[in-house]
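Q: Handing you this structure, nothing more for now.
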Amino acid sequence: MCGIVGYVGTRPAVDVLVRGLKRLEYRGYDSTGVAFETPRGILIEKSEGKLERVESLMGANPNADRSNSVCGIGHTRWATHGKPTTTNAHPHRAGSVVLVHNGIIENYREIKSELLKLGYKPESETDSELFGYLVLEEMKAGQSFVNSVRRAFKKIDGACSFVVMDEKHPGVIVGARNGSPLVLAKDPQGGAILASDAQPILEYTKDVYFLENGEVAIISPQGVEIQSLETGARITPAFVTLNWSVDQIDKGGYPHYMLKEIYEQPSALVDTFNSSLDRSRSEPFVLAPHKGVDLLMNAKELTLIACGTSYYSSMIGKYWLENYGEIPVNVDFASEYRYRSSVLREQSVLVGVSQSGETADTLAVLRELKKKNVPTLGLTNVRGSTISREAGGTFFTYAGPEIGVAATKSFTTQLATFLMWAGALREKHKKGSGQKLFEEMIQLPHLLKSYLEGDNGVQKKIRSIATQVQNKKGFFFIGRGPSFPIALEGALKLKEIAYIHAEGYAAGELKHGPIAMIDESMVVVVLAPKDHWREKTISNLEEVKARGATIIGVGDANDSHLKDLSHHFVALPAIENEDLSVFPLAAVVQLLSYELAVLKGTDVDQPRNLAKSVTVE
Ligand code: AGP
């Protein structure tokens, strides 16, 4: 989950590292640090807390060696082994070796006891620091720096990546990958940069190389070299050109990335439709051809595996795929599916759904099933991500970079993709039967844009409601049909960014227990678009209303019954196919948690204890 940057070249290295770490803070922000070469050896500056702490330390202590350095590494941490203290912050030093690490060393206890026997005294509680001593031992035994990193890396178990410097080898940085991602690029001004993802690199170049597992990268002012971890043999890297731009990773005038990303949903939908469909064809739902499309179209059953918000989008995907695509669909949490024995039908296709493409549990299921020869698909927002490279075929969402830890546009673009899959399968069963759905679908970006940005943009209304309910004890979100996963998503968002206790429930389940919680101190958000389930949801609402909770109704603008029952009412835009109400509903729950988080003064984009991509189990 941590973020890593390494740079060597002609630019001021610490500047490159700090700018890069700002782009990577979404991966973890418990503590931060940089290490850079100086004429007196490698200096480390680090602190518990966010990058700004290290920046202010530096500001208070100007240092010419720091400004002149052209080689260094940096790290932003999401603590696993050891508390988020300055001592446990990366970079770590082991003699002349200085390193940063992302991931977990599973056999760290064994390694630690061996190192203690050899007389080493690790300073931190981390597993990471131990790797430095392993490298040092190899160098003591006469191995070169690069071979020492290779040999040390082979001694550890677990998915991780390291980036390492050595005082005796100035101007050289070695990165090794097994599991946790590492991306490499040549700096057009000379030298090279290594990072956990492409975002720190984009301002210098869009041509990047995603290291494969079992590869080692050596960067120096002369350029880059890739070697096999196992044999040391040279590998020719196949660079790819990314289509993300630097503008997409700035806040663009919004106070938070999350808000910007909520407002980017209409254009993210347009990009996802345009890039996923074959626009040269006039028939509806012709998917742009690639390996994944054949796997999808020939599947007899789909098993969608995901975590968090991606799991909720998969639940909605199931409704559409079964309803329109007439294909059986299973949905499960990756962390649950992973440890139970499951039975898949013939020609079942496993789909790993993950915006980051790096989530450890989702990836583990994909790998496991691949080993059993089950065909696999990935659905992700990140090109070059591990899931995108390991799945048998990959579909991409085109949400652009999502920086806020809370998933927003990646969620709605996943929904868009499931809708296109459902439409394509419908067309497969009967040509022309998807036409109406297609026409309804392509109106969604415009509909959502007017809902968010029109004269009466919904955010203003939601802000006023949030102000009135901000001091309530807890929230229930209820819905039926496709609105049920939106209820789950609303509750997740509220917990995640506003730290308010919230639960999402299938409306019909309230009376089986949770209704005991309902009193004047609670808010119930009722998601009741004018669909097939509305009436039933409304009768569940009557039960709640009688117990004194504050009701926020979300439904059709003309739904006077729902309005009468609600203390606060959010009108949805008129939508022909009510199945598609989930798009504006998603915007409502996203904005409600955003506004409550702002009122509570939490760190909206980087909520406590979380990270954007969860690369540990
Ligand atoms: C969503 O707001 C959360 N940050 C989280 O639940 C996230 O959706 C989950 O960790 C899965 O991530 P993925 O889509 O990158 O696999």
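By convention here, the chains of the structure tokens are called A, B, ... in the order presented, each chain's residues are numbered starting at 1, and ligands are numbered starting at 1 in the order presented.
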Kindly provide, as an NGL selection string, all nucleotide and amino acid residues lying within 9 Å of ligand 1, counting only C-alpha atoms and all ligand atoms.

A: :A and (306-312 or 352-363 or 380-381 or 404-408 or 410-411 or 489 or 492-493 or 496-497 or 610-615)

Q: Which residues are close to His256 in chain A, i.e. within 9 Å by only C-alpha atoms, leaving aside same-chain residues fewer than 5 positions away? Reply as an MDAnalysis selection string.

A: chainID A and resid 251 261 404 604:605

Q: Near Phe153 in chain A, within 9 Å and counting only C-alpha atoms, which residues show up once chain neighbours fewer than 2 positions away are dropped, as a PyMOL selection string?

A: chain A and resi 131+134-135+148-151+155-157+162+176-178+229

Q: Please report, as a ChimeraX atom specification, each residue of range 22-222 of chain A to which DSSP assigns strand (DSSP E) when run on this structure's backbone.

A: /A:31-38,41-48,71-77,92-94,97-103,160-166,173-178,183-186,191-195,207-210,215-220

Q: Which residues, written as a list in words, have at least one atom at most 8 Å from range 43-55 of chain A, with only C-alpha atoms counted and residues fewer than 6 positions away on the same chain left out?

A: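 Final neighbour list, sorted by chain and number: Val18, Leu21, Lys22, Glu25, Tyr29, Asp30, Ser31, Thr32, Gly33, Val34, Ala35, Phe36, Glu37, Thr76, Pro84, Thr85, Thr86, Thr87, Ala89, His90 and Pro91 of chain A.
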
Q: Quote the spacing between CA of Glu125 in chain A and CA of Asn107 in chain A in Å to one decimal place.

A: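 According to the coordinates, CA of Glu125 in chain A and CA of Asn107 in chain A are separated by 14.4 Å.
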
Q: I'd like the contact shell of Gly3 in chain A - 6 Å cut-off, only C-alpha atoms, skipping same-chain residues fewer than 4 positions apart - returned as a short mmCIF file (atom, residue, chain, number, x, y, z; two decimals) with N, CA and C atoms, in the first residue's frame.

A:
data_model
loop_
_atom_site.label_atom_id
_atom_site.label_comp_id
_atom_site.auth_asym_id
_atom_site.auth_seq_id
_atom_site.Cartn_x
_atom_site.Cartn_y
_atom_site.Cartn_z
N LEU A 24 1.60 10.28 -4.59
CA LEU A 24 1.46 8.90 -4.11
C LEU A 24 0.87 8.82 -2.72
N ARG A 27 -1.66 6.38 -1.36
CA ARG A 27 -1.34 4.97 -1.08
C ARG A 27 -1.07 4.73 0.40
N HIS A 75 9.45 7.81 0.26
CA HIS A 75 8.46 6.81 0.67
C HIS A 75 7.33 7.45 1.44
N THR A 76 6.13 7.00 1.21
CA THR A 76 5.00 7.38 2.04
C THR A 76 4.36 6.08 2.53
N SER A 196 5.89 3.67 -7.51
CA SER A 196 4.87 2.63 -7.29
C SER A 196 3.77 2.69 -8.34
#

Q: Which polymer residues have any atom within 8 Å of an atom of range 337-342 of chain A, counting only C-alpha atoms, with same-chain residues fewer than 6 positions away left out, as a PyMOL selection string?

A: chain A and resi 305+361+364-365

Q: Determine, using only C-alpha atoms, which residues of range 391-486 of chain A have any atom at most 9 Å from an atom of range 530-540 of chain A, and tabulate each with its shortest atom pair and distance in Å to one decimal place, rows ordered by chain and then rising number, as CSV.

A:
residue,atom,partner,partner_atom,distance
A:Ile478,CA,A:Thr537,CA,8.1
A:Gly479,CA,A:Thr537,CA,6.5
A:Arg480,CA,A:Trp533,CA,6.1
A:Gly481,CA,A:Trp533,CA,6.6

Q: Print the selection's residues with N, CA, C and O atoms to a file, as a compact mmCIF listing (two decimals), in the first residue's frame.

A:
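New file part.txt:
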# COMPACT_ATOMS: atom_id res chain seq x y z
N ILE A 478 -31.32 2.72 3.22
CA ILE A 478 -32.09 1.54 2.82
C ILE A 478 -32.53 1.65 1.36
O ILE A 478 -32.74 2.74 0.83
N GLY A 479 -32.65 0.51 0.71
CA GLY A 479 -33.11 0.47 -0.67
C GLY A 479 -33.40 -0.97 -1.05
O GLY A 479 -33.06 -1.91 -0.30
N ARG A 480 -34.04 -1.14 -2.16
CA ARG A 480 -34.32 -2.48 -2.69
C ARG A 480 -33.84 -2.55 -4.13
O ARG A 480 -33.68 -1.52 -4.78
N GLY A 481 -33.68 -3.78 -4.62
CA GLY A 481 -33.22 -3.95 -6.01
C GLY A 481 -31.87 -3.27 -6.18
O GLY A 481 -31.04 -3.26 -5.25

Q: Excluding Asp559 in chain A and residues on its chain fewer than 3 positions from it, collect all residues at most 9 Å away from it, counting only C-alpha atoms, and give them as a list in words.

A: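 What passes the distance filter is Pro529, Lys530, Gly555, Asp556, Leu562, Lys563, Asp564 and Ala571 of chain A.
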
Q: Keeping only N, CA, C and O atoms, take the residues you just selected and write them out as a compact mmCIF listing (two decimals), in the first residue's frame.

A:
# COMPACT_ATOMS: atom_id res chain seq x y z
N PRO A 529 -36.30 5.21 -5.89
CA PRO A 529 -36.67 5.72 -7.20
C PRO A 529 -37.99 5.09 -7.67
O PRO A 529 -38.42 4.07 -7.09
N LYS A 530 -38.56 5.67 -8.67
CA LYS A 530 -39.88 5.18 -9.13
C LYS A 530 -39.68 3.88 -9.92
O LYS A 530 -39.76 3.87 -11.14
N GLY A 555 -36.00 10.26 -4.26
CA GLY A 555 -36.89 9.61 -5.22
C GLY A 555 -37.34 10.55 -6.32
O GLY A 555 -36.81 11.67 -6.46
N ASP A 556 -38.33 10.11 -7.05
CA ASP A 556 -38.84 10.87 -8.18
C ASP A 556 -39.39 12.23 -7.70
O ASP A 556 -40.05 12.31 -6.66
N LEU A 562 -43.75 9.86 -1.02
CA LEU A 562 -42.42 9.80 -0.42
C LEU A 562 -42.06 11.15 0.20
O LEU A 562 -41.51 11.21 1.32
N LYS A 563 -42.37 12.21 -0.51
CA LYS A 563 -42.08 13.56 -0.01
C LYS A 563 -42.78 13.78 1.34
O LYS A 563 -42.19 14.29 2.29
N ASP A 564 -44.07 13.39 1.42
CA ASP A 564 -44.82 13.60 2.66
C ASP A 564 -44.22 12.84 3.83
O ASP A 564 -44.28 13.28 4.97
N ALA A 571 -34.79 15.21 -4.88
CA ALA A 571 -35.45 14.74 -6.10
C ALA A 571 -34.43 14.17 -7.07
O ALA A 571 -33.36 14.75 -7.27

Q: Run DSSP on the backbone and grab whatever in range 207-355 of chain A lands in helix (DSSP H, G or I); send it over as a ChimeraX atom specification.

A: /A:246-249,257-263,265-276,291-298,308-323,334-337

Q: Would you put the residues from that selection into a file with N, CA and C atoms, as a short mmCIF file (atom, residue, chain, number, x, y, z; two decimals), in the first residue's frame?

A:
data_model
loop_
_atom_site.label_atom_id
_atom_site.label_comp_id
_atom_site.auth_asym_id
_atom_site.auth_seq_id
_atom_site.Cartn_x
_atom_site.Cartn_y
_atom_site.Cartn_z
N VAL A 246 -1.20 15.19 -16.97
CA VAL A 246 -0.89 15.78 -15.66
C VAL A 246 -2.10 16.57 -15.14
N ASP A 247 -2.82 17.26 -16.05
CA ASP A 247 -3.98 18.06 -15.60
C ASP A 247 -4.97 17.20 -14.83
N GLN A 248 -5.09 15.92 -15.26
CA GLN A 248 -6.07 15.06 -14.61
C GLN A 248 -5.70 14.77 -13.16
N ILE A 249 -4.43 14.99 -12.81
CA ILE A 249 -4.06 14.66 -11.44
C ILE A 249 -3.90 15.90 -10.56
N TYR A 257 -10.06 16.47 -4.10
CA TYR A 257 -10.09 15.56 -5.27
C TYR A 257 -11.44 14.84 -5.35
N MET A 258 -11.95 14.45 -4.18
CA MET A 258 -13.20 13.66 -4.21
C MET A 258 -14.30 14.44 -4.92
N LEU A 259 -14.40 15.74 -4.60
CA LEU A 259 -15.47 16.53 -5.21
C LEU A 259 -15.23 16.66 -6.71
N LYS A 260 -13.99 16.90 -7.07
CA LYS A 260 -13.66 17.00 -8.50
C LYS A 260 -14.06 15.71 -9.21
N GLU A 261 -13.75 14.60 -8.55
CA GLU A 261 -14.00 13.30 -9.18
C GLU A 261 -15.50 12.98 -9.28
N ILE A 262 -16.27 13.49 -8.30
CA ILE A 262 -17.73 13.33 -8.38
C ILE A 262 -18.24 14.08 -9.63
N TYR A 263 -17.72 15.30 -9.81
CA TYR A 263 -18.17 16.12 -10.95
C TYR A 263 -17.60 15.62 -12.29
N GLN A 265 -17.77 12.61 -13.22
CA GLN A 265 -18.44 11.37 -13.60
C GLN A 265 -19.09 11.42 -14.99
N PRO A 266 -19.76 12.52 -15.36
CA PRO A 266 -20.35 12.51 -16.71
C PRO A 266 -19.29 12.31 -17.81
N SER A 267 -18.15 13.01 -17.70
CA SER A 267 -17.15 12.85 -18.76
C SER A 267 -16.47 11.48 -18.66
N ALA A 268 -16.34 10.95 -17.45
CA ALA A 268 -15.76 9.61 -17.30
C ALA A 268 -16.66 8.57 -17.96
N LEU A 269 -17.98 8.80 -17.88
CA LEU A 269 -18.92 7.86 -18.52
C LEU A 269 -18.77 7.95 -20.04
N VAL A 270 -18.68 9.18 -20.55
CA VAL A 270 -18.52 9.36 -22.01
C VAL A 270 -17.26 8.62 -22.47
N ASP A 271 -16.15 8.85 -21.75
CA ASP A 271 -14.89 8.22 -22.15
C ASP A 271 -14.99 6.69 -22.08
N THR A 272 -15.69 6.21 -21.07
CA THR A 272 -15.81 4.74 -20.92
C THR A 272 -16.68 4.15 -22.04
N PHE A 273 -17.77 4.82 -22.37
CA PHE A 273 -18.61 4.33 -23.48
C PHE A 273 -17.81 4.37 -24.79
N ASN A 274 -17.17 5.54 -25.04
CA ASN A 274 -16.47 5.69 -26.33
C ASN A 274 -15.33 4.70 -26.50
N SER A 275 -14.63 4.43 -25.41
CA SER A 275 -13.47 3.55 -25.55
C SER A 275 -13.84 2.08 -25.47
N SER A 276 -14.97 1.76 -24.87
CA SER A 276 -15.30 0.33 -24.69
C SER A 276 -16.14 -0.20 -25.86
N LYS A 291 -9.17 -9.57 -26.45
CA LYS A 291 -9.22 -10.94 -25.96
C LYS A 291 -10.34 -11.17 -24.92
N GLY A 292 -10.55 -10.17 -24.08
CA GLY A 292 -11.54 -10.30 -23.02
C GLY A 292 -12.95 -10.43 -23.56
N VAL A 293 -13.23 -9.80 -24.70
CA VAL A 293 -14.60 -9.79 -25.22
C VAL A 293 -15.03 -11.23 -25.57
N ASP A 294 -14.15 -11.98 -26.21
CA ASP A 294 -14.51 -13.36 -26.55
C ASP A 294 -14.79 -14.18 -25.31
N LEU A 295 -13.94 -13.99 -24.29
CA LEU A 295 -14.15 -14.74 -23.05
C LEU A 295 -15.51 -14.40 -22.46
N LEU A 296 -15.84 -13.12 -22.46
CA LEU A 296 -17.11 -12.68 -21.88
C LEU A 296 -18.29 -13.23 -22.68
N MET A 297 -18.22 -13.10 -23.99
CA MET A 297 -19.37 -13.45 -24.81
C MET A 297 -19.62 -14.96 -24.85
N ASN A 298 -18.57 -15.75 -24.56
CA ASN A 298 -18.76 -17.20 -24.58
C ASN A 298 -19.00 -17.79 -23.20
N GLY A 308 -14.90 -3.93 -1.24
CA GLY A 308 -15.38 -2.56 -1.01
C GLY A 308 -16.35 -2.08 -2.07
N THR A 309 -16.10 -0.88 -2.55
CA THR A 309 -16.99 -0.26 -3.53
C THR A 309 -17.08 -1.08 -4.81
N SER A 310 -15.99 -1.71 -5.21
CA SER A 310 -16.03 -2.54 -6.43
C SER A 310 -16.97 -3.72 -6.24
N TYR A 311 -17.09 -4.18 -4.99
CA TYR A 311 -18.03 -5.26 -4.70
C TYR A 311 -19.47 -4.77 -4.88
N TYR A 312 -19.73 -3.55 -4.43
CA TYR A 312 -21.10 -3.02 -4.57
C TYR A 312 -21.45 -2.78 -6.04
N SER A 313 -20.48 -2.32 -6.82
CA SER A 313 -20.79 -2.14 -8.25
C SER A 313 -21.07 -3.51 -8.87
N SER A 314 -20.35 -4.52 -8.41
CA SER A 314 -20.57 -5.87 -8.95
C SER A 314 -21.97 -6.38 -8.61
N MET A 315 -22.46 -6.00 -7.40
CA MET A 315 -23.82 -6.42 -7.03
C MET A 315 -24.84 -5.83 -8.01
N ILE A 316 -24.62 -4.57 -8.38
CA ILE A 316 -25.55 -3.95 -9.35
C ILE A 316 -25.35 -4.59 -10.72
N GLY A 317 -24.08 -4.87 -11.04
CA GLY A 317 -23.78 -5.55 -12.30
C GLY A 317 -24.57 -6.85 -12.41
N LYS A 318 -24.69 -7.56 -11.30
CA LYS A 318 -25.43 -8.83 -11.30
C LYS A 318 -26.89 -8.60 -11.73
N TYR A 319 -27.52 -7.56 -11.18
CA TYR A 319 -28.92 -7.28 -11.57
C TYR A 319 -29.02 -7.14 -13.08
N TRP A 320 -28.15 -6.33 -13.64
CA TRP A 320 -28.25 -6.02 -15.07
C TRP A 320 -27.85 -7.21 -15.94
N LEU A 321 -26.79 -7.88 -15.53
CA LEU A 321 -26.31 -9.00 -16.35
C LEU A 321 -27.35 -10.11 -16.38
N GLU A 322 -28.02 -10.33 -15.23
CA GLU A 322 -29.04 -11.37 -15.20
C GLU A 322 -30.31 -10.90 -15.90
N ASN A 323 -30.68 -9.65 -15.64
CA ASN A 323 -31.93 -9.14 -16.18
C ASN A 323 -31.87 -8.95 -17.71
N ALA A 334 -13.73 -10.84 -2.36
CA ALA A 334 -12.52 -11.60 -2.65
C ALA A 334 -11.96 -12.24 -1.39
N SER A 335 -12.03 -11.51 -0.27
CA SER A 335 -11.44 -12.02 0.97
C SER A 335 -12.20 -13.23 1.51
N GLU A 336 -13.45 -13.38 1.13
CA GLU A 336 -14.24 -14.53 1.56
C GLU A 336 -14.07 -15.68 0.56
N TYR A 337 -14.18 -15.35 -0.70
CA TYR A 337 -14.12 -16.37 -1.76
C TYR A 337 -12.80 -17.13 -1.68
#

Q: Give me, please, the distance in Å between CA of Ser593 in chain A and CA of Lys495 in chain A, quoted to one decimal.

A: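 Spanning CA of Ser593 in chain A to CA of Lys495 in chain A is a straight-line distance of 8.3 Å.
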
Q: Using Å and a single decimal, report how far CA of Pro584 in chain A sits from CA of Thr397 in chain A.

A: 18.6 Å

Q: Would you mind telling me which residue in A:Gly20, A:Gly6, A:Pro12, A:Gly474 lies nearest to Gly175 in chain A when using only C-alpha atoms?

A: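 Closest candidate: A:Gly6.
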
Q: Give me, as JSON lines, each residue of range 381-456 of chain A that comes within 10 Å of range 198-219 of chain A, together with its shortest interatomic pair and the distance in Å at one decimal, counting only C-alpha atoms, with rows ordered by chain and rising residue number.

A:
{"residue": "A:Val382", "atom": "CA", "partner": "A:Ala198", "partner_atom": "CA", "distance": 9.6}
{"residue": "A:Arg383", "atom": "CA", "partner": "A:Phe210", "partner_atom": "CA", "distance": 9.5}
{"residue": "A:Gly384", "atom": "CA", "partner": "A:Phe210", "partner_atom": "CA", "distance": 6.1}
{"residue": "A:Ser385", "atom": "CA", "partner": "A:Phe210", "partner_atom": "CA", "distance": 8.0}
{"residue": "A:Thr386", "atom": "CA", "partner": "A:Glu212", "partner_atom": "CA", "distance": 8.6}
{"residue": "A:Arg389", "atom": "CA", "partner": "A:Glu212", "partner_atom": "CA", "distance": 9.1}
{"residue": "A:Pro401", "atom": "CA", "partner": "A:Gln199", "partner_atom": "CA", "distance": 8.3}
{"residue": "A:Ile403", "atom": "CA", "partner": "A:Gln199", "partner_atom": "CA", "distance": 9.7}
